[in-house]
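The file work.txt contains compact mmCIF, C-alpha atoms and all ligand atoms:
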# COMPACT_ATOMS: atom_id res chain seq x y z
CA MET A 17 -6.72 -29.14 23.09
CA LYS A 18 -9.42 -26.88 24.48
CA LYS A 19 -9.54 -23.24 23.49
CA PRO A 20 -7.25 -21.23 25.84
CA LYS A 21 -8.19 -17.80 27.10
CA ILE A 22 -6.70 -15.25 24.72
CA ASN A 23 -5.31 -12.31 26.59
CA PHE A 24 -3.38 -9.46 25.03
CA ASN A 25 -1.27 -7.38 27.36
CA ASP A 26 -1.49 -3.83 26.01
CA GLU A 27 0.34 -2.04 28.82
CA GLY A 28 3.67 -1.98 26.95
CA PRO A 29 4.81 0.25 24.06
CA ILE A 30 2.55 0.76 21.02
CA PHE A 31 3.52 0.74 17.33
CA MET A 32 3.39 4.25 15.93
CA ALA A 33 0.14 5.49 14.39
CA SER A 34 -1.80 2.40 15.53
CA ASN A 35 -5.04 2.14 17.50
CA ARG A 36 -5.69 0.05 20.59
CA SER A 37 -9.37 -0.40 19.72
CA LYS A 38 -10.44 -3.28 17.47
CA ASP A 39 -13.08 -1.10 15.77
CA ASN A 40 -12.59 -0.85 11.97
CA CYS A 41 -9.41 -2.86 12.27
CA LYS A 42 -8.03 -3.95 8.86
CA VAL A 43 -4.68 -5.21 10.12
CA GLY A 44 -4.19 -6.66 13.61
CA LEU A 45 -0.68 -6.44 15.00
CA TYR A 46 0.29 -8.54 17.99
CA GLY A 47 3.53 -9.54 19.70
CA VAL A 48 4.48 -13.07 20.75
CA PRO A 49 7.32 -12.60 23.26
CA TYR A 50 8.49 -16.22 23.26
CA ASP A 51 11.99 -17.68 22.80
CA GLY A 52 11.68 -20.96 24.72
CA THR A 53 13.29 -23.26 22.11
CA THR A 54 16.12 -20.93 21.03
CA SER A 55 19.17 -23.13 20.53
CA PHE A 56 21.96 -20.57 20.17
CA ARG A 57 21.54 -16.96 21.37
CA PRO A 58 18.32 -16.22 23.30
CA GLY A 59 16.47 -12.92 23.56
CA ALA A 60 13.74 -12.94 20.88
CA ARG A 61 11.16 -12.51 23.65
CA PHE A 62 12.27 -8.86 23.76
CA GLY A 63 11.69 -8.38 20.01
CA PRO A 64 8.09 -7.08 19.90
CA ASP A 65 8.56 -4.35 22.50
CA SER A 66 11.83 -3.23 20.93
CA ILE A 67 10.19 -2.85 17.50
CA LYS A 68 7.42 -0.75 19.03
CA HIS A 69 9.86 1.34 21.08
CA VAL A 70 11.91 2.42 18.06
CA SER A 71 8.94 2.76 15.68
CA SER A 72 8.38 6.39 16.66
CA GLY A 73 11.85 7.15 15.23
CA ILE A 74 10.88 6.32 11.62
CA GLU A 75 8.50 8.17 9.31
CA SER A 76 4.90 7.01 9.02
CA PHE A 77 5.15 7.58 5.23
CA CYS A 78 6.65 4.93 2.93
CA PRO A 79 8.12 6.34 -0.32
CA GLN A 80 8.25 2.88 -1.94
CA LEU A 81 4.54 2.17 -1.53
CA MET A 82 3.50 5.87 -1.41
CA LEU A 83 1.34 5.16 1.62
CA ASP A 84 1.10 6.67 5.09
CA LEU A 85 0.37 4.63 8.20
CA GLU A 86 -1.79 7.52 9.42
CA SER A 87 -4.35 6.69 6.73
CA ILE A 88 -4.54 2.94 7.52
CA ASP A 89 -6.91 1.46 10.11
CA PHE A 90 -4.74 -0.94 12.05
CA THR A 91 -4.66 -2.09 15.64
CA ASP A 92 -1.77 -2.92 17.92
CA PHE A 93 -3.35 -5.48 20.25
CA GLY A 94 -0.24 -5.60 22.46
CA ASN A 95 1.56 -8.81 23.34
CA LEU A 96 -0.11 -12.19 23.60
CA ASP A 97 0.22 -13.59 27.13
CA VAL A 98 2.28 -16.77 26.70
CA PRO A 99 3.77 -19.29 29.12
CA TYR A 100 7.59 -19.47 29.12
CA GLY A 101 8.23 -23.17 28.69
CA ALA A 102 7.45 -25.82 26.08
CA PRO A 103 6.35 -24.47 22.67
CA GLU A 104 3.10 -26.44 22.21
CA PRO A 105 0.84 -24.30 24.46
CA VAL A 106 2.33 -21.13 22.93
CA ILE A 107 1.69 -22.32 19.38
CA HIS A 108 -1.88 -23.22 20.35
CA LYS A 109 -2.44 -19.74 21.79
CA VAL A 110 -1.02 -18.20 18.60
CA LYS A 111 -3.48 -20.28 16.56
CA CYS A 112 -6.41 -19.02 18.65
CA ALA A 113 -5.21 -15.40 18.60
CA THR A 114 -4.79 -15.53 14.82
CA ASP A 115 -8.26 -17.04 14.47
CA TYR A 116 -9.60 -14.17 16.62
CA ILE A 117 -7.99 -11.52 14.34
CA TYR A 118 -9.54 -13.16 11.24
CA SER A 119 -12.90 -13.36 12.99
CA LEU A 120 -12.80 -9.54 13.22
CA GLY A 121 -12.41 -9.37 9.43
CA ALA A 122 -8.78 -8.23 9.82
CA LYS A 123 -5.43 -9.67 8.74
CA PRO A 124 -2.82 -10.64 11.33
CA LEU A 125 0.76 -9.41 11.55
CA LEU A 126 2.72 -11.22 14.27
CA LEU A 127 5.87 -9.83 15.82
CA GLY A 128 8.06 -12.57 17.31
CA GLY A 129 9.44 -14.06 19.18
CA GLU A 130 11.20 -17.04 17.68
CA HIS A 131 10.20 -18.80 14.49
CA SER A 132 8.36 -21.72 16.12
CA ILE A 133 5.27 -19.49 16.49
CA THR A 134 4.63 -19.47 12.71
CA CYS A 135 2.94 -22.87 12.59
CA GLY A 136 0.31 -21.58 15.07
CA ALA A 137 -0.47 -18.69 12.74
CA ILE A 138 -0.70 -21.05 9.76
CA GLU A 139 -3.06 -23.33 11.67
CA GLY A 140 -5.27 -20.30 12.40
CA ALA A 141 -5.12 -19.10 8.79
CA ILE A 142 -5.95 -22.33 6.94
CA LYS A 143 -9.38 -22.44 8.58
CA TYR A 144 -10.20 -19.26 6.61
CA PHE A 145 -7.91 -19.86 3.60
CA PRO A 146 -7.65 -23.59 2.81
CA GLU A 147 -5.78 -22.82 -0.45
CA LEU A 148 -3.08 -20.95 1.46
CA ILE A 149 0.51 -20.96 0.24
CA ILE A 150 3.53 -19.82 2.28
CA LEU A 151 6.49 -17.67 1.31
CA GLN A 152 9.43 -17.96 3.71
CA LEU A 153 12.28 -15.46 3.82
CA ASP A 154 14.93 -17.05 6.00
CA ALA A 155 18.61 -17.99 6.09
CA HIS A 156 17.69 -21.49 7.25
CA ALA A 157 15.46 -24.18 5.77
CA ASP A 158 13.82 -24.95 9.18
CA LEU A 159 12.76 -28.39 7.93
CA ARG A 160 14.16 -30.63 10.66
CA GLU A 161 11.87 -33.44 11.80
CA GLU A 162 12.86 -32.68 15.40
CA TRP A 163 15.62 -30.74 17.11
CA LEU A 164 16.96 -31.00 20.66
CA GLY A 165 14.13 -33.37 21.55
CA SER A 166 11.26 -31.19 20.31
CA LYS A 167 9.20 -31.41 17.13
CA PHE A 168 8.15 -27.80 17.66
CA ASN A 169 11.64 -26.34 17.98
CA HIS A 170 12.23 -23.22 15.84
CA ALA A 171 14.43 -25.35 13.53
CA CYS A 172 11.38 -27.53 12.66
CA THR A 173 8.80 -24.82 12.01
CA MET A 174 8.52 -25.22 8.20
CA ARG A 175 8.26 -29.02 8.57
CA ARG A 176 5.29 -28.55 10.92
CA CYS A 177 3.74 -25.99 8.56
CA LEU A 178 4.08 -28.37 5.60
CA GLU A 179 2.32 -31.12 7.54
CA ILE A 180 -0.79 -29.04 8.16
CA LEU A 181 -0.85 -27.03 4.91
CA PRO A 182 -3.46 -28.52 2.52
CA SER A 183 -1.78 -27.00 -0.59
CA LYS A 184 1.67 -28.35 0.49
CA THR A 185 3.03 -25.28 -1.28
CA ILE A 186 5.84 -23.43 0.44
CA TYR A 187 8.37 -21.24 -1.36
CA GLN A 188 11.65 -20.63 0.41
CA LEU A 189 13.50 -17.58 -0.85
CA GLY A 190 17.26 -17.38 -0.77
CA ILE A 191 17.80 -20.10 1.87
CA ARG A 192 21.56 -20.46 2.46
CA SER A 193 21.86 -22.83 5.41
CA GLY A 194 20.61 -26.28 6.32
CA THR A 195 21.53 -29.94 6.51
CA LYS A 196 22.45 -31.80 3.30
CA GLU A 197 19.02 -33.47 3.42
CA GLU A 198 17.19 -30.17 3.89
CA ILE A 199 18.96 -28.44 0.99
CA GLU A 200 18.51 -31.47 -1.29
CA GLU A 201 14.82 -31.58 -0.40
CA ILE A 202 14.09 -27.91 -1.10
CA LYS A 203 15.85 -28.14 -4.46
CA GLU A 204 14.20 -31.41 -5.43
CA LYS A 205 10.70 -30.27 -4.44
CA LYS A 206 11.32 -26.96 -6.24
CA ARG A 207 10.60 -25.03 -3.08
CA LEU A 208 13.86 -23.08 -3.19
CA ILE A 209 13.63 -19.79 -5.07
CA LYS A 210 16.97 -18.31 -5.98
CA HIS A 211 17.64 -14.72 -5.12
CA SER A 212 20.90 -12.96 -5.85
CA PHE A 213 22.00 -10.02 -3.77
CA GLY A 214 21.19 -6.60 -5.25
CA ASN A 215 18.96 -7.89 -8.06
CA PRO A 216 15.20 -7.81 -8.66
CA SER A 217 13.40 -10.96 -7.60
CA LYS A 218 12.81 -12.29 -11.10
CA GLU A 219 12.42 -15.95 -10.16
CA LEU A 220 10.07 -15.02 -7.32
CA ARG A 221 7.96 -12.97 -9.74
CA ASP A 222 7.81 -15.84 -12.25
CA ARG A 223 7.04 -18.55 -9.71
CA LEU A 224 4.35 -16.57 -7.87
CA HIS A 225 2.72 -15.54 -11.14
CA ASN A 226 1.04 -18.97 -11.20
CA HIS A 227 -0.63 -18.11 -7.89
CA LEU A 228 -2.10 -14.68 -8.68
CA GLY A 229 -5.09 -14.08 -6.42
CA LYS A 230 -4.32 -17.08 -4.20
CA PRO A 231 -3.92 -16.38 -0.47
CA ILE A 232 -0.26 -16.05 0.53
CA TYR A 233 1.20 -15.96 4.03
CA LEU A 234 4.63 -14.31 4.36
CA THR A 235 6.99 -15.36 7.13
CA LEU A 236 10.04 -13.12 7.50
CA ASP A 237 12.83 -14.53 9.65
CA LEU A 238 15.14 -11.54 10.15
CA ASP A 239 18.21 -13.74 9.73
CA TRP A 240 17.36 -13.68 5.99
CA PHE A 241 19.13 -10.32 6.11
CA ASP A 242 22.89 -10.20 6.30
CA PRO A 243 24.28 -10.16 9.88
CA SER A 244 25.86 -6.78 9.12
CA ALA A 245 22.34 -5.38 8.57
CA VAL A 246 20.64 -7.36 11.37
CA PRO A 247 23.21 -8.47 13.99
CA GLY A 248 20.46 -8.67 16.62
CA THR A 249 19.22 -12.17 15.88
CA GLY A 250 19.64 -15.58 17.51
CA THR A 251 21.20 -17.55 14.65
CA PRO A 252 22.99 -15.11 12.30
CA GLU A 253 24.19 -16.51 8.97
CA PRO A 254 26.75 -14.68 6.79
CA GLY A 255 25.99 -14.13 3.11
CA GLY A 256 22.56 -12.58 3.49
CA PHE A 257 20.46 -9.82 2.02
CA PHE A 258 19.92 -6.10 2.51
CA TRP A 259 17.01 -3.68 2.68
CA GLN A 260 17.05 -3.08 -1.07
CA ASP A 261 16.51 -6.82 -1.63
CA PHE A 262 13.50 -6.73 0.68
CA GLY A 263 12.20 -3.83 -1.41
CA PHE A 264 12.45 -6.03 -4.54
CA VAL A 265 10.42 -8.73 -2.79
CA ILE A 266 7.75 -6.22 -1.78
CA ASN A 267 7.50 -5.01 -5.39
CA VAL A 268 6.53 -8.54 -6.36
CA LEU A 269 4.22 -9.17 -3.39
CA LYS A 270 2.19 -6.00 -3.82
CA GLU A 271 0.54 -7.62 -6.88
CA HIS A 272 -0.57 -10.57 -4.74
CA ASN A 273 -3.17 -11.49 -2.14
CA ILE A 274 -1.20 -11.39 1.12
CA ILE A 275 -3.45 -12.56 3.98
CA GLY A 276 -1.07 -12.66 6.93
CA CYS A 277 2.56 -12.07 7.90
CA ASP A 278 5.04 -12.51 10.68
CA ILE A 279 8.42 -10.98 11.50
CA VAL A 280 10.45 -13.23 13.79
CA GLU A 281 13.80 -13.74 15.50
CA LEU A 282 14.69 -10.19 16.51
CA ALA A 283 16.86 -10.40 19.66
CA PRO A 284 17.46 -6.70 20.26
CA GLN A 285 19.90 -6.94 23.15
CA LEU A 286 22.43 -8.65 20.82
CA ASP A 287 22.72 -5.38 18.87
CA PRO A 288 23.74 -2.43 21.06
CA SER A 289 23.52 -0.09 18.03
CA GLY A 290 19.74 -0.70 17.83
CA ILE A 291 19.86 -0.84 14.02
CA SER A 292 18.34 -4.35 13.93
CA SER A 293 15.22 -3.11 15.73
CA ILE A 294 14.95 -0.12 13.40
CA LEU A 295 15.10 -2.37 10.33
CA ALA A 296 12.47 -4.64 11.91
CA ALA A 297 10.25 -1.60 12.62
CA LYS A 298 10.60 -0.47 9.01
CA ALA A 299 9.73 -4.00 7.83
CA THR A 300 6.69 -3.88 10.14
CA ARG A 301 5.59 -0.59 8.58
CA THR A 302 5.98 -2.10 5.09
CA LEU A 303 4.02 -5.25 5.95
CA ILE A 304 1.16 -3.33 7.59
CA MET A 305 0.86 -1.43 4.30
CA LEU A 306 1.17 -4.57 2.16
CA LEU A 307 -1.62 -6.25 4.15
CA SER A 308 -3.79 -3.16 3.86
CA ILE A 309 -3.60 -3.00 0.04
CA SER A 310 -3.85 -6.68 -0.86
MN MN B 1 13.77 -19.52 10.70

Turn this file's structure into structure tokens for me.
Amino acid sequence: MKKPKINFNDEGPIFMASNRSKDNCKVGLYGVPYDGTTSFRPGARFGPDSIKHVSSGIESFCPQLMLDLESIDFTDFGNLDVPYGAPEPVIHKVKCATDYIYSLGAKPLLLGGEHSITCGAIEGAIKYFPELIILQLDAHADLREEWLGSKFNHACTMRRCLEILPSKTIYQLGIRSGTKEEIEEIKEKKRLIKHSFGNPSKELRDRLHNHLGKPIYLTLDLDWFDPSAVPGTGTPEPGGFFWQDFGFVINVLKEHNIIGCDIVELAPQLDPSGISSILAAKATRTLIMLLSIS
């Protein structure tokens, strides 16, 4: 496929404390307002703008990491212009946009959008980091071969990532939903990392210890959180995690070399309280900081 024209639309809201200029950019934030393969409750295309809208309501300082966004050089590039239809051209644009961010010497943070966009980011990242490994926080395994007639449906995104990932190393934290085959596979291949609610991520710490210094890409599907914490998502799954659990994960990841992240599946209009967007904005703040220190 030939290289598409990458165009960021920066006329919408901006994430607090960020720049619009690419000069000195260490972390490059961009939205991918796409939800074309959503199979249950649509609306993730509104996720990036909602995160940016509510971001001014949270502090720029993070007590966990003792960092302030005001002292980090990061750029909000706006939203990637994407066609609303089949996922393949969108994923290809995401690959090229991610490649562009790395070419600036910065690390990408994508705001989805649905989960299908992740394999575009991975394709962009492995050109720079062939040893890349992936950590997935998600309720669902996302390992279907195809779903509803598409190999690039959001329910297939980790299968597509595995196919292109040279290291074939994906860790899937606290997955609690999938087909019998998916769950058997992630246990058998030792991809599933157990995480129990309210406890430090001991198994995550132990498993990632073997990969100290290796490039890690973090994909955060917001349905990893419990639906009571994040009701604004397309495929909610009871029995999930809370902010404190995310804090435990960050405590592990801050020792590692995190080279890119995404936050996907926020469908803000499904949560009239707006709390889902606020949690997503706080997660965005945390991941900007994580990318800036690692
Ligand atoms: Mn997912």

All residues 10 Å or closer to Glu75 of chain A, all atoms listed in the file, same chain fewer than 5 positions away omitted, as a ChimeraX atom specification:
/A:32,84-85,298,301

Looking at A:Leu224, A:Leu286, A:Ala296, A:Ala157, which one is nearest to Leu269 of chain A, with distances taken over only C-alpha atoms?
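Looking at the shortest contact to Leu269 of chain A, the residue is A:Leu224.
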
A:Asn23, A:Ser76, A:Ser119, A:Thr114: which is nearest Thr134 of chain A, counting all atoms listed in the file?
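Of all the options, A:Thr114 lies closest to Thr134 of chain A.
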
Hey, what's within 8 Å of segment 48-52 of chain A if we count only C-alpha atoms and toss same-chain stuff fewer than 6 positions away? As a PyMOL selection string, please?
chain A and resi 58-64+95-98+100-103+106+110+126-130+133

Between A:Lys230, A:Lys109, A:Lys270, A:Arg221, single out the one closest to Ile149 of chain A, counting all atoms listed in the file.
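For Ile149 of chain A, the nearest of the given residues is A:Lys230.
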
Pick out the residues sitting within 10 Å of Val268 of chain A, and hand them over as a PyMOL selection string; count only C-alpha atoms, and ignore anything fewer than 3 positions along from it in its own chain.
chain A and resi 216-218+220-222+224-225+263-265+271-272
